[in-house]
Amino acid sequence: MIRIFLLVLALGATTAAEAAMSAGATAAPAQDPVLMAYRQRQADATPESVFAWLKAGNAKFASGQSDHGGYVVDARERIQVSGKGQRPLAVVLSCLDSRTTPELVFDMSVGDLFTTRVGANVISDDVLGGMEVAIDSGAKVIVVMGHTNCGGVGAACNNAELEHFTQLLAKIKPAIQEVNTRLDADPAYATEVGERVCTNRRYIKELSHANAQQSYRQILAQSKFIKEKVDKGEVKLVSALYDVDSGKVMFDQN
């Protein structure tokens with residue numbers, strides 16, 4: 001019963017009967033072929049196929065060819081299908097910046113992605129808990145997506161303070177120190193990046209990238225469940241940087 005209850009929460013099942021079916025209990029097959037295809041695609045997906053799907057979606061978005069997961073005008077069919085039980089294929093952790101909406105950036109529709117959004121895409125126990133449920137519910141890829149010109153990273157660089165925001169910014173500081181250490185050790189790299197100030201967009205880009213990679217490492221270090229899935233090849237975890245000027249996502253070779 002506990003497992004069924006968790007599936008109801010994770011999958012958005014409307015009834016305990018559907019959750020039982022998801023857990024492997026015998027149930028009458030659904031008759032709607034669109035519904036069956038939506039459910040089957042998660043069963044057939046692999047980390048490699050889902051990663052390719054995300055990259056293809058971003059390519060469409062960045063080139064102005066978005067079709068919103070195949071629902072260019074009317075997404076009511078997908079709304080109705082996913083309303084009977086969601087089957088997303090990937091998890092995206094992104095900043096709450098208005099330019100980085102994952103469903104748009106990866107050209108997706110309702111029911112395609114689990115998304116977690118928090119300033120500067122930092123890690124917390126709550127973020128990890130959501131990711132763990134998403135992976136347990138069938139998602140095959142986790143993308144940690146930072147972005148260029150990140151206001152949160154810039155605020156941390158500038159030592160800003162604002163009630164609860166201050167403690168969020170503190171989580172970015174180790175990534176800033178990491179980049180500064182690399183710059184100190186490599187004069188050519190330091191010259192290329194330029195002045196270490198929050199108004200230098202190239203410097204903020206380096207910090208944002210390092211911050212996304214830091215969140216990537218923290219997921220593996222802090223979630224035994226996710227690390228085991230990644231080690232077994234059942235889930236792909238990747239860090240990335242979204243360019244707010246071009247619309248392109250640059251994935252790391254983690």
# chains A, B, ... in the order shown; residues from 1 in each chain; ligands from 1

call {"tool": "select_by_dssp", "arguments": {"residues": "range 135-167 of chain A", "states": "strand (DSSP E)", "output": "compact mmCIF listing (two decimals) with N, CA and C atoms, in the first residue's frame"}}
result
# COMPACT_ATOMS: atom_id res chain seq x y z
N VAL A 141 16.76 10.85 -17.51
CA VAL A 141 17.84 11.84 -17.60
C VAL A 141 17.59 12.96 -16.59
N ILE A 142 18.67 13.42 -15.97
CA ILE A 142 18.62 14.62 -15.14
C ILE A 142 19.55 15.65 -15.77
N VAL A 143 19.03 16.83 -16.06
CA VAL A 143 19.84 17.93 -16.58
C VAL A 143 19.91 19.02 -15.52
N VAL A 144 21.13 19.41 -15.14
CA VAL A 144 21.35 20.55 -14.26
C VAL A 144 21.75 21.70 -15.16
N MET A 145 20.86 22.67 -15.33
CA MET A 145 21.06 23.70 -16.35
C MET A 145 21.26 25.08 -15.73
N GLY A 146 22.50 25.55 -15.75
CA GLY A 146 22.76 26.94 -15.42
C GLY A 146 22.52 27.79 -16.65
N HIS A 147 22.75 29.10 -16.55
CA HIS A 147 22.56 29.94 -17.73
C HIS A 147 23.45 31.17 -17.67

call {"tool": "residues_around", "arguments": {"residues": "Arg201 in chain A", "least_positions_apart": "4", "cutoff": "10 Å", "atoms": "only C-alpha atoms", "output": "VMD selection string"}}
result
chain A and resid 148 to 150 154 193 to 197 205 to 207

call {"tool": "write_last_selection", "arguments": {"atoms": "N, CA, C and O atoms", "output": "tab-separated table (two decimals), in the first residue's frame"}}
result
chain	number	residue	atom	x	y	z
A	148	THR	N	23.71	31.73	-18.83
A	148	THR	CA	24.51	32.93	-18.91
A	148	THR	C	23.74	34.12	-18.33
A	148	THR	O	22.52	34.11	-18.26
A	149	ASN	N	24.50	35.14	-17.93
A	149	ASN	CA	23.91	36.36	-17.38
A	149	ASN	C	22.95	36.07	-16.22
A	149	ASN	O	21.87	36.66	-16.12
A	150	CYS	N	23.34	35.15	-15.37
A	150	CYS	CA	22.49	34.74	-14.24
A	150	CYS	C	22.51	35.80	-13.13
A	150	CYS	O	23.57	36.12	-12.58
A	154	GLY	N	25.36	36.60	-10.28
A	154	GLY	CA	25.88	37.96	-10.20
A	154	GLY	C	25.70	38.55	-8.81
A	154	GLY	O	26.59	39.24	-8.29
A	193	VAL	N	39.09	35.78	-19.79
A	193	VAL	CA	37.85	36.02	-19.05
A	193	VAL	C	37.67	37.49	-18.74
A	193	VAL	O	36.57	38.04	-18.80
A	194	GLY	N	38.76	38.17	-18.40
A	194	GLY	CA	38.68	39.59	-18.11
A	194	GLY	C	38.48	39.90	-16.65
A	194	GLY	O	38.70	39.06	-15.77
A	195	GLU	N	38.01	41.10	-16.38
A	195	GLU	CA	37.90	41.60	-15.01
A	195	GLU	C	36.91	40.77	-14.20
A	195	GLU	O	35.84	40.41	-14.68
A	196	ARG	N	37.28	40.50	-12.95
A	196	ARG	CA	36.43	39.68	-12.08
A	196	ARG	C	35.42	40.54	-11.34
A	196	ARG	O	35.49	40.72	-10.12
A	197	VAL	N	34.47	41.04	-12.09
A	197	VAL	CA	33.42	41.88	-11.52
A	197	VAL	C	32.07	41.39	-12.04
A	197	VAL	O	31.98	40.77	-13.11
A	205	LYS	N	29.48	34.19	-16.84
A	205	LYS	CA	29.27	32.93	-17.57
A	205	LYS	C	30.14	31.82	-16.99
A	205	LYS	O	29.67	30.69	-16.79
A	206	GLU	N	31.39	32.13	-16.72
A	206	GLU	CA	32.28	31.13	-16.13
A	206	GLU	C	31.78	30.70	-14.75
A	206	GLU	O	31.80	29.50	-14.41
A	207	LEU	N	31.32	31.65	-13.96
A	207	LEU	CA	30.80	31.32	-12.64
A	207	LEU	C	29.55	30.48	-12.73
A	207	LEU	O	29.36	29.51	-11.97

call {"tool": "select_by_dssp", "arguments": {"residues": "range 156-188 of chain A", "states": "helix (DSSP H, G or I)", "output": "ChimeraX atom specification"}}
result
/A:156-157,164-170,173-185,187-188

call {"tool": "residues_around", "arguments": {"residues": "Lys229 in chain A", "least_positions_apart": "3", "cutoff": "12 Å", "atoms": "only C-alpha atoms", "output": "compact mmCIF listing (two decimals) with all heavy atoms, in the first residue's frame"}}
result
# COMPACT_ATOMS: atom_id res chain seq x y z
N PRO A 47 18.33 6.18 -21.36
CA PRO A 47 19.01 7.46 -21.11
C PRO A 47 19.54 8.10 -22.39
O PRO A 47 19.45 9.32 -22.56
CB PRO A 47 20.14 7.06 -20.16
CG PRO A 47 19.59 5.89 -19.42
CD PRO A 47 18.80 5.12 -20.44
N MET A 131 13.87 15.10 -7.18
CA MET A 131 14.57 14.36 -8.23
C MET A 131 14.46 12.86 -8.01
O MET A 131 14.26 12.08 -8.96
CB MET A 131 16.04 14.77 -8.28
CG MET A 131 16.31 16.11 -8.86
SD MET A 131 18.10 16.41 -8.90
CE MET A 131 18.11 17.99 -9.78
N GLU A 132 14.62 12.44 -6.77
CA GLU A 132 14.56 11.01 -6.46
C GLU A 132 13.20 10.42 -6.80
O GLU A 132 13.11 9.33 -7.38
CB GLU A 132 14.90 10.79 -4.98
CG GLU A 132 16.36 11.03 -4.66
CD GLU A 132 16.66 11.16 -3.18
OE1 GLU A 132 15.69 11.15 -2.38
OE2 GLU A 132 17.84 11.26 -2.81
N ILE A 135 12.93 10.17 -10.64
CA ILE A 135 13.67 9.03 -11.19
C ILE A 135 12.97 7.72 -10.84
O ILE A 135 12.87 6.81 -11.67
CB ILE A 135 15.12 9.03 -10.65
CG1 ILE A 135 15.88 10.25 -11.17
CG2 ILE A 135 15.84 7.74 -11.02
CD1 ILE A 135 15.93 10.36 -12.67
N ASP A 136 12.46 7.62 -9.64
CA ASP A 136 11.73 6.42 -9.23
C ASP A 136 10.46 6.25 -10.04
O ASP A 136 9.91 5.14 -10.13
CB ASP A 136 11.40 6.49 -7.73
CG ASP A 136 11.00 5.14 -7.16
OD1 ASP A 136 11.67 4.13 -7.50
OD2 ASP A 136 10.03 5.08 -6.38
N GLY A 138 10.32 6.87 -13.31
CA GLY A 138 10.62 6.49 -14.68
C GLY A 138 11.43 7.45 -15.50
O GLY A 138 11.77 7.14 -16.65
N ALA A 139 11.76 8.64 -14.99
CA ALA A 139 12.58 9.57 -15.76
C ALA A 139 13.97 8.99 -15.98
O ALA A 139 14.53 8.34 -15.09
CB ALA A 139 12.68 10.92 -15.05
N LYS A 140 14.54 9.23 -17.14
CA LYS A 140 15.81 8.60 -17.53
C LYS A 140 17.01 9.55 -17.54
O LYS A 140 18.15 9.11 -17.63
CB LYS A 140 15.67 7.96 -18.92
CG LYS A 140 14.58 6.91 -19.04
CD LYS A 140 14.84 5.71 -18.16
CE LYS A 140 13.93 4.54 -18.48
NZ LYS A 140 12.51 4.81 -18.25
N VAL A 141 16.76 10.85 -17.51
CA VAL A 141 17.84 11.84 -17.60
C VAL A 141 17.59 12.96 -16.59
O VAL A 141 16.44 13.37 -16.40
CB VAL A 141 17.93 12.44 -19.03
CG1 VAL A 141 18.94 13.60 -19.07
CG2 VAL A 141 18.32 11.38 -20.04
N ILE A 142 18.67 13.42 -15.97
CA ILE A 142 18.62 14.62 -15.14
C ILE A 142 19.55 15.65 -15.77
O ILE A 142 20.73 15.37 -16.00
CB ILE A 142 19.09 14.36 -13.70
CG1 ILE A 142 18.21 13.32 -13.02
CG2 ILE A 142 19.08 15.66 -12.89
CD1 ILE A 142 18.73 12.91 -11.63
N ILE A 219 24.72 16.44 -6.40
CA ILE A 219 23.68 15.41 -6.57
C ILE A 219 24.28 14.02 -6.35
O ILE A 219 23.73 13.20 -5.62
CB ILE A 219 23.04 15.51 -7.97
CG1 ILE A 219 22.23 16.80 -8.10
CG2 ILE A 219 22.14 14.30 -8.25
CD1 ILE A 219 21.77 17.10 -9.50
N LEU A 220 25.41 13.77 -6.97
CA LEU A 220 26.06 12.46 -6.84
C LEU A 220 26.56 12.22 -5.42
O LEU A 220 26.52 11.09 -4.92
CB LEU A 220 27.22 12.36 -7.82
CG LEU A 220 26.85 12.34 -9.31
CD1 LEU A 220 28.10 12.32 -10.17
CD2 LEU A 220 25.95 11.15 -9.65
N SER A 223 22.95 12.18 -2.92
CA SER A 223 21.85 11.24 -3.15
C SER A 223 22.40 9.87 -3.53
O SER A 223 22.79 9.65 -4.68
CB SER A 223 20.90 11.74 -4.24
OG SER A 223 19.90 10.76 -4.51
N LYS A 224 22.40 8.97 -2.60
CA LYS A 224 22.86 7.61 -2.86
C LYS A 224 21.98 6.94 -3.92
O LYS A 224 22.48 6.21 -4.79
CB LYS A 224 22.84 6.79 -1.57
CG LYS A 224 23.30 5.36 -1.73
CD LYS A 224 23.25 4.62 -0.40
CE LYS A 224 23.65 3.16 -0.57
NZ LYS A 224 23.57 2.42 0.73
N PHE A 225 20.69 7.20 -3.85
CA PHE A 225 19.74 6.59 -4.79
C PHE A 225 20.07 7.00 -6.23
O PHE A 225 20.16 6.15 -7.13
CB PHE A 225 18.31 7.01 -4.43
CG PHE A 225 17.27 6.58 -5.41
CD1 PHE A 225 16.86 5.25 -5.47
CD2 PHE A 225 16.70 7.49 -6.29
CE1 PHE A 225 15.90 4.85 -6.39
CE2 PHE A 225 15.74 7.10 -7.21
CZ PHE A 225 15.34 5.77 -7.25
N ILE A 226 20.25 8.30 -6.46
CA ILE A 226 20.54 8.76 -7.82
C ILE A 226 21.91 8.28 -8.28
O ILE A 226 22.07 7.84 -9.43
CB ILE A 226 20.45 10.30 -7.89
CG1 ILE A 226 19.01 10.76 -7.68
CG2 ILE A 226 20.97 10.80 -9.25
CD1 ILE A 226 18.83 12.26 -7.65
N LYS A 232 24.82 2.54 -12.56
CA LYS A 232 24.31 1.36 -13.28
C LYS A 232 23.95 1.66 -14.73
O LYS A 232 23.62 0.75 -15.49
CB LYS A 232 23.07 0.81 -12.55
CG LYS A 232 23.36 0.19 -11.20
CD LYS A 232 22.05 -0.29 -10.56
CE LYS A 232 22.31 -0.90 -9.18
NZ LYS A 232 21.04 -1.32 -8.52
N GLY A 233 24.01 2.93 -15.12
CA GLY A 233 23.66 3.31 -16.48
C GLY A 233 22.16 3.41 -16.71
O GLY A 233 21.71 3.53 -17.85
N GLU A 234 21.38 3.39 -15.64
CA GLU A 234 19.93 3.47 -15.76
C GLU A 234 19.45 4.91 -15.89
O GLU A 234 18.34 5.17 -16.36
CB GLU A 234 19.26 2.82 -14.55
CG GLU A 234 19.56 1.32 -14.44
CD GLU A 234 19.00 0.72 -13.16
OE1 GLU A 234 18.30 1.44 -12.42
OE2 GLU A 234 19.25 -0.47 -12.90
N VAL A 235 20.29 5.85 -15.47
CA VAL A 235 19.96 7.28 -15.54
C VAL A 235 21.20 8.03 -16.01
O VAL A 235 22.32 7.70 -15.60
CB VAL A 235 19.52 7.81 -14.15
CG1 VAL A 235 19.45 9.33 -14.14
CG2 VAL A 235 18.17 7.21 -13.76
N LYS A 236 20.99 9.03 -16.85
CA LYS A 236 22.09 9.91 -17.27
C LYS A 236 21.94 11.23 -16.53
O LYS A 236 20.87 11.85 -16.57
CB LYS A 236 22.06 10.14 -18.78
CG LYS A 236 23.22 11.02 -19.26
CD LYS A 236 23.21 11.15 -20.77
CE LYS A 236 24.37 12.01 -21.27
NZ LYS A 236 25.69 11.41 -20.98
N LEU A 237 23.01 11.66 -15.88
CA LEU A 237 23.06 12.96 -15.20
C LEU A 237 24.05 13.83 -15.95
O LEU A 237 25.19 13.41 -16.20
CB LEU A 237 23.50 12.77 -13.75
CG LEU A 237 23.80 14.03 -12.95
CD1 LEU A 237 22.56 14.90 -12.78
CD2 LEU A 237 24.38 13.66 -11.58

call {"tool": "closest_atom_pairs", "arguments": {"of": "range 142-246 of chain A", "to": "range 60-64 of chain A", "cutoff": "10 Å", "atoms": "only C-alpha atoms", "output": "CSV"}}
result
residue,atom,partner,partner_atom,distance
A:Asp243,CA,A:Ala62,CA,9.9
A:Asp245,CA,A:Ala62,CA,9.8
A:Ser246,CA,A:Ala62,CA,6.6

call {"tool": "atom_distance", "arguments": {"atom1": "CA of Ala156 in chain A", "atom2": "CA of Ile176 in chain A"}}
result
8.4 Å

call {"tool": "closest_residue", "arguments": {"among": "A:Val238, A:Leu54, A:Val230, A:Ala170", "to": "Phe251 in chain A", "atoms": "only C-alpha atoms"}}
result
A:Val238

call {"tool": "atom_distance", "arguments": {"atom1": "CA of Gly119 in chain A", "atom2": "CA of Thr101 in chain A"}}
result
12.6 Å

call {"tool": "residues_around", "arguments": {"residues": "Gln222 in chain A", "least_positions_apart": "3", "cutoff": "10 Å", "atoms": "only C-alpha atoms", "output": "ChimeraX atom specification"}}
result
/A:123-125,128,217-219,225-227

call {"tool": "residues_around", "arguments": {"residues": "Arg78 in chain A", "least_positions_apart": "4", "cutoff": "12 Å", "atoms": "only C-alpha atoms", "output": "list in words"}}
result
Val34, Leu35, Ala37, Tyr38, Arg39, His68, Gly69, Gly70, Tyr71, Val72, Val73, Asp74, Ser82, Gly83, Lys84, Gly85, Gln86, Arg87, Pro88, Met108, Ser109, Val110, Gly111 and Asp112 of chain A
